[in-house]
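Trainee: My structure is stored as structure-v2.cif, with mmCIF, C-alpha atoms and all ligand atoms.
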```
data_work
loop_
_atom_site.group_PDB
_atom_site.id
_atom_site.type_symbol
_atom_site.label_atom_id
_atom_site.label_comp_id
_atom_site.auth_asym_id
_atom_site.auth_seq_id
_atom_site.Cartn_x
_atom_site.Cartn_y
_atom_site.Cartn_z
ATOM 1 C CA MET B 5 25.638 -21.282 1.637
ATOM 2 C CA ARG B 6 26.397 -17.629 2.179
ATOM 3 C CA ARG B 7 29.368 -17.904 -0.139
ATOM 4 C CA ARG B 8 27.221 -19.445 -2.849
ATOM 5 C CA LEU B 9 24.691 -16.625 -2.628
ATOM 6 C CA ARG B 10 27.361 -13.996 -2.784
ATOM 7 C CA ARG B 11 28.854 -15.529 -5.890
ATOM 8 C CA ARG B 12 25.453 -15.620 -7.528
ATOM 9 C CA PHE B 13 24.929 -11.898 -7.065
ATOM 10 C CA GLU B 14 28.438 -10.553 -7.376
ATOM 11 C CA PRO B 15 28.284 -9.521 -11.065
ATOM 12 C CA TYR B 16 25.371 -7.238 -10.284
ATOM 13 C CA ILE B 17 26.933 -5.128 -7.577
ATOM 14 C CA LEU B 18 27.145 -1.473 -8.595
ATOM 15 C CA PRO B 19 28.733 1.624 -7.057
ATOM 16 C CA ARG B 20 26.627 2.880 -4.171
ATOM 17 C CA GLN B 21 26.140 6.406 -5.465
ATOM 18 C CA ASN B 22 25.194 6.410 -9.085
ATOM 19 C CA ARG B 23 22.711 9.211 -9.377
ATOM 20 C CA ALA B 24 22.657 10.680 -12.865
ATOM 21 C CA ILE B 25 22.287 14.425 -13.285
ATOM 22 C CA CYS B 26 20.595 15.488 -16.490
ATOM 23 C CA GLU B 27 21.617 19.007 -17.369
ATOM 24 C CA ASP B 28 19.467 19.524 -20.421
ATOM 25 C CA PRO B 29 15.675 19.186 -20.063
ATOM 26 C CA ALA B 30 15.312 19.217 -23.839
ATOM 27 C CA ARG B 31 16.891 15.764 -23.839
ATOM 28 C CA LEU B 32 13.884 14.362 -22.014
ATOM 29 C CA GLY B 33 12.318 13.334 -25.307
ATOM 30 C CA LYS B 34 8.959 13.891 -26.892
ATOM 31 C CA ASP B 35 7.183 15.093 -23.769
ATOM 32 C CA GLY B 36 7.460 18.845 -24.343
ATOM 33 C CA ALA B 37 5.069 19.710 -21.541
ATOM 34 C CA ALA B 38 7.123 17.925 -18.916
ATOM 35 C CA ALA B 39 10.304 19.486 -20.217
ATOM 36 C CA THR B 40 8.838 23.005 -20.111
ATOM 37 C CA GLY B 41 7.537 22.471 -16.581
ATOM 38 C CA LEU B 42 10.980 21.404 -15.471
ATOM 39 C CA MET B 43 12.594 24.604 -16.694
ATOM 40 C CA SER B 44 11.323 26.377 -13.608
ATOM 41 C CA LEU B 45 13.023 23.774 -11.407
ATOM 42 C CA ARG B 46 16.532 24.736 -12.388
ATOM 43 C CA GLY B 47 18.632 25.397 -9.340
ATOM 44 C CA GLU B 48 21.138 28.184 -8.847
ATOM 45 C CA ASN B 49 23.763 26.341 -10.829
ATOM 46 C CA GLY B 50 21.321 25.868 -13.717
ATOM 47 C CA ARG B 51 21.067 22.119 -13.194
ATOM 48 C CA VAL B 52 17.878 20.131 -12.953
ATOM 49 C CA PRO B 53 18.424 17.303 -10.485
ATOM 50 C CA LEU B 54 16.743 14.756 -12.677
ATOM 51 C CA TYR B 55 17.378 11.085 -12.563
ATOM 52 C CA ARG B 56 16.105 7.991 -14.234
ATOM 53 C CA ASP B 57 15.724 4.650 -12.496
ATOM 54 C CA GLU B 58 13.838 1.392 -12.635
ATOM 55 C CA ALA B 59 11.534 0.631 -9.743
ATOM 56 C CA VAL B 60 8.959 -1.738 -8.353
ATOM 57 C CA VAL B 61 5.969 0.052 -6.828
ATOM 58 C CA LEU B 62 5.639 -1.213 -3.247
ATOM 59 C CA ARG B 63 2.757 0.903 -2.021
ATOM 60 C CA THR B 64 0.632 3.926 -2.909
ATOM 61 C CA GLN B 65 -1.189 6.422 -0.676
ATOM 62 C CA LYS B 66 -3.623 9.145 -1.628
ATOM 63 C CA LEU B 67 -2.387 12.702 -1.423
ATOM 64 C CA GLY B 68 -4.852 15.559 -1.799
ATOM 65 C CA GLU B 69 -7.429 15.411 -4.575
ATOM 66 C CA ALA B 70 -5.516 13.879 -7.438
ATOM 67 C CA ASP B 71 -2.017 12.926 -6.339
ATOM 68 C CA ARG B 72 -0.424 9.867 -4.823
ATOM 69 C CA ILE B 73 2.616 9.211 -2.726
ATOM 70 C CA VAL B 74 4.288 6.116 -4.125
ATOM 71 C CA THR B 75 6.763 4.005 -2.191
ATOM 72 C CA LEU B 76 9.266 2.590 -4.660
ATOM 73 C CA LEU B 77 12.049 0.062 -4.472
ATOM 74 C CA THR B 78 14.423 1.389 -7.105
ATOM 75 C CA ARG B 79 17.248 -0.424 -8.783
ATOM 76 C CA ARG B 80 19.978 2.115 -7.974
ATOM 77 C CA HIS B 81 18.622 4.394 -5.240
ATOM 78 C CA GLY B 82 17.092 1.948 -2.781
ATOM 79 C CA ARG B 83 13.696 2.697 -1.293
ATOM 80 C CA VAL B 84 12.366 6.085 -2.403
ATOM 81 C CA ARG B 85 9.095 7.841 -1.607
ATOM 82 C CA ALA B 86 7.904 10.096 -4.396
ATOM 83 C CA VAL B 87 4.877 12.121 -5.415
ATOM 84 C CA ALA B 88 3.047 11.123 -8.588
ATOM 85 C CA LYS B 89 1.005 14.174 -9.485
ATOM 86 C CA GLY B 90 -2.430 13.966 -11.076
ATOM 87 C CA VAL B 91 -2.350 10.179 -11.260
ATOM 88 C CA ARG B 92 -5.839 9.778 -9.813
ATOM 89 C CA ARG B 93 -7.402 11.813 -12.630
ATOM 90 C CA THR B 94 -8.879 9.627 -15.350
ATOM 91 C CA ALA B 95 -6.938 11.517 -18.016
ATOM 92 C CA SER B 96 -3.618 10.857 -16.268
ATOM 93 C CA ARG B 97 -1.041 9.578 -18.710
ATOM 94 C CA PHE B 98 0.717 7.303 -16.269
ATOM 95 C CA GLY B 99 -1.707 6.774 -13.381
ATOM 96 C CA ALA B 100 -2.269 3.083 -14.097
ATOM 97 C CA ARG B 101 1.459 2.481 -14.458
ATOM 98 C CA VAL B 102 2.367 3.410 -10.898
ATOM 99 C CA GLU B 103 0.288 0.793 -9.098
ATOM 100 C CA PRO B 104 1.600 -1.824 -6.618
ATOM 101 C CA PHE B 105 3.514 -4.726 -8.238
ATOM 102 C CA SER B 106 4.338 -2.688 -11.363
ATOM 103 C CA HIS B 107 7.903 -2.785 -12.638
ATOM 104 C CA VAL B 108 8.415 0.631 -14.175
ATOM 105 C CA ASP B 109 11.027 2.880 -15.708
ATOM 106 C CA LEU B 110 10.757 6.309 -14.080
ATOM 107 C CA LEU B 111 12.055 9.776 -14.679
ATOM 108 C CA MET B 112 12.112 11.703 -11.421
ATOM 109 C CA TYR B 113 13.467 14.887 -10.030
ATOM 110 C CA GLU B 114 14.664 15.478 -6.529
ATOM 111 C CA GLY B 115 12.259 17.435 -4.396
ATOM 112 C CA ARG B 116 12.956 19.085 -1.088
ATOM 113 C CA GLU B 117 11.185 16.365 0.895
ATOM 114 C CA LEU B 118 9.819 13.895 -1.617
ATOM 115 C CA ASP B 119 11.005 13.255 -5.157
ATOM 116 C CA VAL B 120 8.518 13.793 -7.978
ATOM 117 C CA VAL B 121 7.707 11.306 -10.723
ATOM 118 C CA THR B 122 7.530 13.078 -14.078
ATOM 119 C CA GLN B 123 7.407 10.141 -16.463
ATOM 120 C CA ALA B 124 6.605 6.459 -16.037
ATOM 121 C CA GLU B 125 6.926 3.684 -18.581
ATOM 122 C CA THR B 126 5.827 0.136 -17.871
ATOM 123 C CA ILE B 127 8.508 -2.528 -18.021
ATOM 124 C CA GLU B 128 6.256 -5.341 -16.751
ATOM 125 C CA PRO B 129 2.663 -4.872 -15.510
ATOM 126 C CA TYR B 130 2.819 -7.691 -12.956
ATOM 127 C CA GLY B 131 -0.141 -6.280 -11.035
ATOM 128 C CA GLU B 132 -2.908 -7.504 -13.324
ATOM 129 C CA ARG B 133 -1.770 -11.115 -13.338
ATOM 130 C CA ILE B 134 -0.900 -11.231 -9.655
ATOM 131 C CA ALA B 135 -4.139 -9.595 -8.513
ATOM 132 C CA SER B 136 -6.320 -11.978 -10.540
ATOM 133 C CA ASP B 137 -5.684 -14.847 -8.115
ATOM 134 C CA TYR B 138 -6.079 -14.713 -4.339
ATOM 135 C CA GLY B 139 -3.060 -16.927 -3.557
ATOM 136 C CA ARG B 140 -0.784 -14.977 -5.864
ATOM 137 C CA TYR B 141 -2.120 -11.669 -4.568
ATOM 138 C CA THR B 142 -1.577 -12.451 -0.888
ATOM 139 C CA ALA B 143 1.913 -13.855 -1.554
ATOM 140 C CA GLY B 144 2.773 -10.835 -3.722
ATOM 141 C CA THR B 145 1.534 -8.401 -1.105
ATOM 142 C CA ALA B 146 3.725 -10.132 1.492
ATOM 143 C CA VAL B 147 6.727 -9.850 -0.862
ATOM 144 C CA LEU B 148 6.198 -6.087 -1.182
ATOM 145 C CA GLU B 149 5.649 -5.605 2.559
ATOM 146 C CA THR B 150 8.734 -7.649 3.429
ATOM 147 C CA ALA B 151 10.826 -5.646 0.957
ATOM 148 C CA GLU B 152 9.672 -2.398 2.542
ATOM 149 C CA ARG B 153 10.320 -3.638 6.090
ATOM 150 C CA LEU B 154 13.793 -4.891 5.192
ATOM 151 C CA THR B 155 14.796 -1.508 3.737
ATOM 152 C CA ALA B 156 14.864 0.376 7.017
ATOM 153 C CA GLU B 157 16.684 3.343 5.519
ATOM 154 C CA GLU B 158 15.559 5.281 2.466
ATOM 155 C CA ARG B 159 18.068 5.697 -0.368
ATOM 156 C CA GLU B 160 20.207 2.804 0.772
ATOM 157 C CA PRO B 161 20.790 0.999 -2.539
ATOM 158 C CA SER B 162 20.323 -2.773 -2.542
ATOM 159 C CA LEU B 163 20.452 -4.109 -6.045
ATOM 160 C CA ARG B 164 20.281 -7.680 -4.784
ATOM 161 C CA LEU B 165 17.017 -7.035 -2.964
ATOM 162 C CA PHE B 166 15.618 -5.250 -6.020
ATOM 163 C CA LEU B 167 16.487 -8.232 -8.247
ATOM 164 C CA LEU B 168 14.956 -10.644 -5.732
ATOM 165 C CA VAL B 169 11.690 -8.672 -5.654
ATOM 166 C CA VAL B 170 11.496 -8.535 -9.452
ATOM 167 C CA GLY B 171 12.257 -12.264 -9.628
ATOM 168 C CA ALA B 172 9.545 -13.101 -7.080
ATOM 169 C CA LEU B 173 6.911 -10.974 -8.838
ATOM 170 C CA ARG B 174 7.791 -12.511 -12.184
ATOM 171 C CA ALA B 175 7.524 -16.031 -10.744
ATOM 172 C CA LEU B 176 4.118 -15.173 -9.259
ATOM 173 C CA ALA B 177 2.819 -13.558 -12.466
ATOM 174 C CA GLU B 178 4.016 -16.420 -14.643
ATOM 175 C CA GLU B 179 2.732 -19.047 -12.179
ATOM 176 C CA THR B 180 6.106 -20.758 -12.288
ATOM 177 C CA HIS B 181 5.774 -22.219 -8.764
ATOM 178 C CA THR B 182 3.251 -22.429 -5.924
ATOM 179 C CA PRO B 183 2.770 -18.841 -4.635
ATOM 180 C CA SER B 184 3.584 -19.744 -1.026
ATOM 181 C CA LEU B 185 6.873 -21.353 -2.150
ATOM 182 C CA VAL B 186 7.799 -18.239 -4.117
ATOM 183 C CA LEU B 187 7.104 -16.149 -1.020
ATOM 184 C CA ASP B 188 9.097 -18.427 1.305
ATOM 185 C CA ALA B 189 12.068 -18.511 -1.074
ATOM 186 C CA PHE B 190 11.923 -14.727 -1.338
ATOM 187 C CA ILE B 191 11.820 -14.235 2.439
ATOM 188 C CA LEU B 192 14.708 -16.635 3.091
ATOM 189 C CA ARG B 193 16.922 -15.024 0.436
ATOM 190 C CA ALA B 194 15.916 -11.448 1.245
ATOM 191 C CA MET B 195 16.740 -12.081 4.913
ATOM 192 C CA SER B 196 20.070 -13.611 3.916
ATOM 193 C CA ILE B 197 21.175 -10.596 1.893
ATOM 194 C CA SER B 198 19.996 -8.363 4.757
ATOM 195 C CA GLY B 199 22.298 -10.214 7.147
ATOM 196 C CA TYR B 200 19.770 -12.561 8.730
ATOM 197 C CA GLU B 201 20.475 -15.836 6.962
ATOM 198 C CA PRO B 202 19.117 -18.681 9.090
ATOM 199 C CA ALA B 203 21.458 -21.562 9.920
ATOM 200 C CA LEU B 204 19.970 -24.586 8.164
ATOM 201 C CA ASP B 205 22.622 -27.257 7.657
ATOM 202 C CA SER B 206 24.560 -26.741 10.881
ATOM 203 C CA CYS B 207 23.735 -25.868 14.494
ATOM 204 C CA SER B 208 23.353 -22.103 14.849
ATOM 205 C CA ARG B 209 24.952 -22.274 18.321
ATOM 206 C CA CYS B 210 27.951 -24.600 17.954
ATOM 207 C CA GLY B 211 28.257 -25.057 14.193
ATOM 208 C CA ALA B 212 28.018 -28.864 14.356
ATOM 209 C CA VAL B 213 27.114 -30.120 10.908
ATOM 210 C CA GLY B 214 23.549 -31.441 10.673
ATOM 211 C CA PRO B 215 21.007 -32.299 9.613
ATOM 212 C CA HIS B 216 19.470 -31.323 12.939
ATOM 213 C CA ARG B 217 15.894 -31.790 14.068
ATOM 214 C CA PHE B 218 15.162 -28.574 15.958
ATOM 215 C CA PHE B 219 14.491 -25.014 14.844
ATOM 216 C CA ALA B 220 14.631 -22.016 17.184
ATOM 217 C CA VAL B 221 13.897 -18.552 15.780
ATOM 218 C CA ALA B 222 15.672 -16.836 18.673
ATOM 219 C CA ALA B 223 18.805 -18.946 18.118
ATOM 220 C CA GLY B 224 18.892 -18.090 14.420
ATOM 221 C CA GLY B 225 17.815 -21.353 12.808
ATOM 222 C CA MET B 226 18.463 -25.064 13.271
ATOM 223 C CA VAL B 227 20.039 -26.232 16.520
ATOM 224 C CA CYS B 228 21.524 -29.547 17.633
ATOM 225 C CA ALA B 229 19.921 -31.590 20.433
ATOM 226 C CA GLU B 230 22.480 -30.289 22.933
ATOM 227 C CA HIS B 231 21.847 -26.599 22.225
ATOM 228 C CA ARG B 232 18.115 -26.864 21.874
ATOM 229 C CA PRO B 233 16.562 -23.960 23.805
ATOM 230 C CA GLY B 234 13.076 -23.929 25.286
ATOM 231 C CA GLY B 235 10.549 -23.071 22.599
ATOM 232 C CA ALA B 236 12.469 -24.828 19.816
ATOM 233 C CA VAL B 237 10.195 -26.731 17.449
ATOM 234 C CA THR B 238 10.852 -30.158 15.978
ATOM 235 C CA VAL B 239 11.220 -30.049 12.205
ATOM 236 C CA SER B 240 10.691 -32.954 9.829
ATOM 237 C CA PRO B 241 13.669 -33.969 7.641
ATOM 238 C CA ALA B 242 11.577 -33.142 4.553
ATOM 239 C CA ALA B 243 10.950 -29.593 5.819
ATOM 240 C CA THR B 244 14.653 -29.091 6.528
ATOM 241 C CA ALA B 245 15.468 -30.218 2.982
ATOM 242 C CA LEU B 246 12.818 -27.874 1.573
ATOM 243 C CA LEU B 247 14.197 -24.898 3.540
ATOM 244 C CA VAL B 248 17.669 -25.577 2.132
ATOM 245 C CA ALA B 249 16.269 -25.957 -1.403
ATOM 246 C CA LEU B 250 14.371 -22.660 -1.176
ATOM 247 C CA LEU B 251 17.387 -20.761 0.098
ATOM 248 C CA ASP B 252 19.574 -22.276 -2.635
ATOM 249 C CA GLY B 253 17.001 -21.789 -5.389
ATOM 250 C CA ASP B 254 16.862 -25.542 -6.069
ATOM 251 C CA TRP B 255 13.370 -25.543 -7.568
ATOM 252 C CA THR B 256 13.442 -29.163 -8.711
ATOM 253 C CA VAL B 257 13.543 -30.211 -5.047
ATOM 254 C CA ALA B 258 11.292 -27.361 -3.849
ATOM 255 C CA ASP B 259 8.477 -28.012 -6.333
ATOM 256 C CA ALA B 260 8.404 -31.703 -5.384
ATOM 257 C CA GLY B 261 7.643 -30.929 -1.716
ATOM 258 C CA GLU B 262 4.425 -32.345 -0.252
ATOM 259 C CA PRO B 263 1.741 -29.768 0.629
ATOM 260 C CA ARG B 264 2.098 -30.599 4.344
ATOM 261 C CA THR B 265 5.856 -30.043 4.144
ATOM 262 C CA GLN B 266 5.254 -26.728 2.391
ATOM 263 C CA ARG B 267 2.870 -25.692 5.182
ATOM 264 C CA GLU B 268 5.408 -26.671 7.821
ATOM 265 C CA VAL B 269 8.088 -24.611 6.073
ATOM 266 C CA SER B 270 5.790 -21.603 5.621
ATOM 267 C CA GLY B 271 5.116 -21.586 9.365
ATOM 268 C CA LEU B 272 8.834 -21.680 10.195
ATOM 269 C CA VAL B 273 9.723 -18.976 7.652
ATOM 270 C CA ALA B 274 6.932 -16.671 8.842
ATOM 271 C CA ALA B 275 7.953 -17.115 12.498
ATOM 272 C CA TYR B 276 11.600 -16.480 11.683
ATOM 273 C CA LEU B 277 10.807 -13.325 9.668
ATOM 274 C CA GLN B 278 8.463 -11.966 12.314
ATOM 275 C CA TRP B 279 10.932 -12.532 15.113
ATOM 276 C CA GLN B 280 13.757 -10.821 13.236
ATOM 277 C CA LEU B 281 11.593 -7.861 12.207
ATOM 278 C CA GLU B 282 10.247 -7.356 15.721
ATOM 279 C CA ARG B 283 13.728 -7.473 17.137
ATOM 280 C CA GLY B 284 14.789 -4.952 14.504
ATOM 281 C CA LEU B 285 11.953 -2.620 15.402
ATOM 282 C CA ARG B 286 12.661 -2.927 19.107
ATOM 283 C CA SER B 287 16.295 -1.958 18.613
ATOM 284 C CA LEU B 288 15.200 0.923 16.393
ATOM 285 C CA ARG B 289 12.896 2.278 19.122
ATOM 286 C CA LEU B 290 15.724 2.088 21.631
ATOM 287 C CA VAL B 291 17.952 4.076 19.293
ATOM 288 C CA GLU B 292 15.304 6.771 18.887
ATOM 289 C CA ARG B 293 14.838 7.104 22.652
ATOM 290 C CA GLY B 294 18.555 7.405 23.278
HETATM 291 ZN ZN ZN W 1 24.915 -27.123 18.798
#
```
Let's see the structure in the file written out as structure tokens.
Mentor:
Amino acid sequence: MRRRLRRRFEPYILPRQNRAICEDPARLGKDGAAATGLMSLRGENGRVPLYRDEAVVLRTQKLGEADRIVTLLTRRHGRVRAVAKGVRRTASRFGARVEPFSHVDLLMYEGRELDVVTQAETIEPYGERIASDYGRYTAGTAVLETAERLTAEEREPSLRLFLLVVGALRALAEETHTPSLVLDAFILRAMSISGYEPALDSCSRCGAVGPHRFFAVAAGGMVCAEHRPGGAVTVSPAATALLVALLDGDWTVADAGEPRTQREVSGLVAAYLQWQLERGLRSLRLVERG
């Protein structure tokens, strides 16, 4: 399964450091005001550390009277926190474009602590369509939160995670599948590319080929009857098949799942994600103390 996933994403893997340096602010285009403002940002070597990247807006926070801090999952620079100045003023040119769920094309420059967004163009305004329905909105919010939690380090590029987030938001906005299925598929695949792929078709302890009937979050997925730890839950064959279909992206099988099977799977996926994230946070705290 892991091999299949890797093959699917291989063509998209880019060099880790791919930050473009734009040396000539005049090349920024029609926006003369932005270009003039950037003149004062030239460093000692005369360069403006500008870069352009695509991003999904994960979260926004107010900053002062008119600004926002935006948490972005970018295509080439990983998770980035940046300041979007003046976006809360009604006359702001790009305020509405840097809202959660938006897929945007950004021009930014590197700040001392936070980068600064100078231009934003909408690629897809997923927010409007996702926010108009409660089920889509809650699933979409969970996608964004999971993406932020899984990118523990800022500026650690993960193109595969970026593409998964964009794919999930598009599926939610276009109502391609049940929102909870989109979310579960996203979580399973996002965990897999982050190194936490659950064992589904073989025992996570001994590797015996299944299908098995028990699922244990602490063991890392399905377990055989012999290696079943305390606290393992019994899983229906239909739920096991649905988990495999979601991880593989087999939507013909996934969409045909009964609502009760979907609920069973959602419970397992949520428990698995929560356990892995809590373990991650615990280990992080230990590192900080040491
Ligand atoms: Zn076993």
Trainee: List the residues selected by the PyMOL selection byres (((not hetatm)) within 9 of (chain W and resi 1)) in the file shown, writing them as a VMD selection string.
Mentor: chain B and resid 206 to 213 226 to 232
Trainee: So that I can check the surroundings of range 67-78 of chain B, please list as a VMD selection string every protein, DNA and RNA residue that reaches within 6 Å of it, counting all atoms listed in the file and ignoring chain neighbours fewer than 2 positions away.
Mentor: chain B and resid 58 to 65 80 to 93
Trainee: Give me the residues near range 113-115 of chain B as a PyMOL selection string, where near means some atom within 7 Å (using all atoms listed in the file) and where sequence neighbours in that chain fewer than 3 positions away do not count.
Mentor: chain B and resi 53-55+118-121
Trainee: At what distance in Å, to one decimal, does CA of Asp205 in chain B lie from CA of Ala236 in chain B?
Mentor: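 Rounded to one decimal, the two atoms are 16.0 Å apart.
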Trainee: If you take all atoms listed in the file and a cut-off of 12 Å, which residues of range 95-134 of chain B touch range 141-157 of chain B, and what are their nearest atom pairs and distances in Å to one decimal, in chain and number order, as a Markdown table?
Mentor:
```
| residue | atom | partner | partner_atom | distance |
| --- | --- | --- | --- | --- |
| B:Pro104 | CA | B:Leu148 | CA | 8.3 |
| B:Phe105 | CA | B:Gly144 | CA | 7.6 |
| B:Ser106 | CA | B:Leu148 | CA | 10.9 |
| B:Tyr130 | CA | B:Gly144 | CA | 9.8 |
| B:Gly131 | CA | B:Tyr141 | CA | 8.6 |
| B:Glu132 | CA | B:Tyr141 | CA | 9.7 |
| B:Arg133 | CA | B:Tyr141 | CA | 8.8 |
| B:Ile134 | CA | B:Tyr141 | CA | 5.2 |
```
Trainee: How would you write, as a VMD selection string, the residues chosen by the PyMOL selection byres (((chain B and resi 175) around 12) and not hetatm) on this structure?
Mentor: chain B and resid 130 133 to 134 140 143 to 144 147 168 to 174 176 to 187 189 to 190 255
Trainee: Give me, please, the distance in Å between CA of Leu163 in chain B and CA of Arg79 in chain B, quoted to one decimal.
Mentor: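 It comes out at 5.6 Å.
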Trainee: Select, from B:Asp188, B:Glu268, B:His107, B:Ala124, the residue with the minimum atom-to-atom distance to Leu167 in chain B, counting only C-alpha atoms.
Mentor: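 Among the listed residues, B:His107 lies closest to Leu167 in chain B.
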Trainee: For a test of reading the model, state the distance in Å between CA of Ile127 in chain B and CA of Arg56 in chain B, rounded to one decimal.
Mentor: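 Rounded to one decimal, the two atoms are 13.5 Å apart.
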Trainee: For the file shown, what are the residues hit by the PyMOL selection byres (((chain B and resi 201) around 10) and not hetatm), laid out as number ranges by chain?
Mentor: B: 5-6, 191-200, 202-204, 224-225, 251
Trainee: Quick one: everything within 12 Å of Ala242 in chain B, counting all atoms listed in the file, minus sequence neighbours fewer than 6 positions away in the same chain. Send it as a PyMOL selection string.
Mentor: chain B and resi 215-217+248-249+257-258+260-269
Trainee: Find the residues with any atom within 6 Å of (12.3, -19.5, 13.1); use only C-alpha atoms and the coordinates as given in the file, and write the answer as a PyMOL selection string.
Mentor: chain B and resi 220-221+225+272+275-276
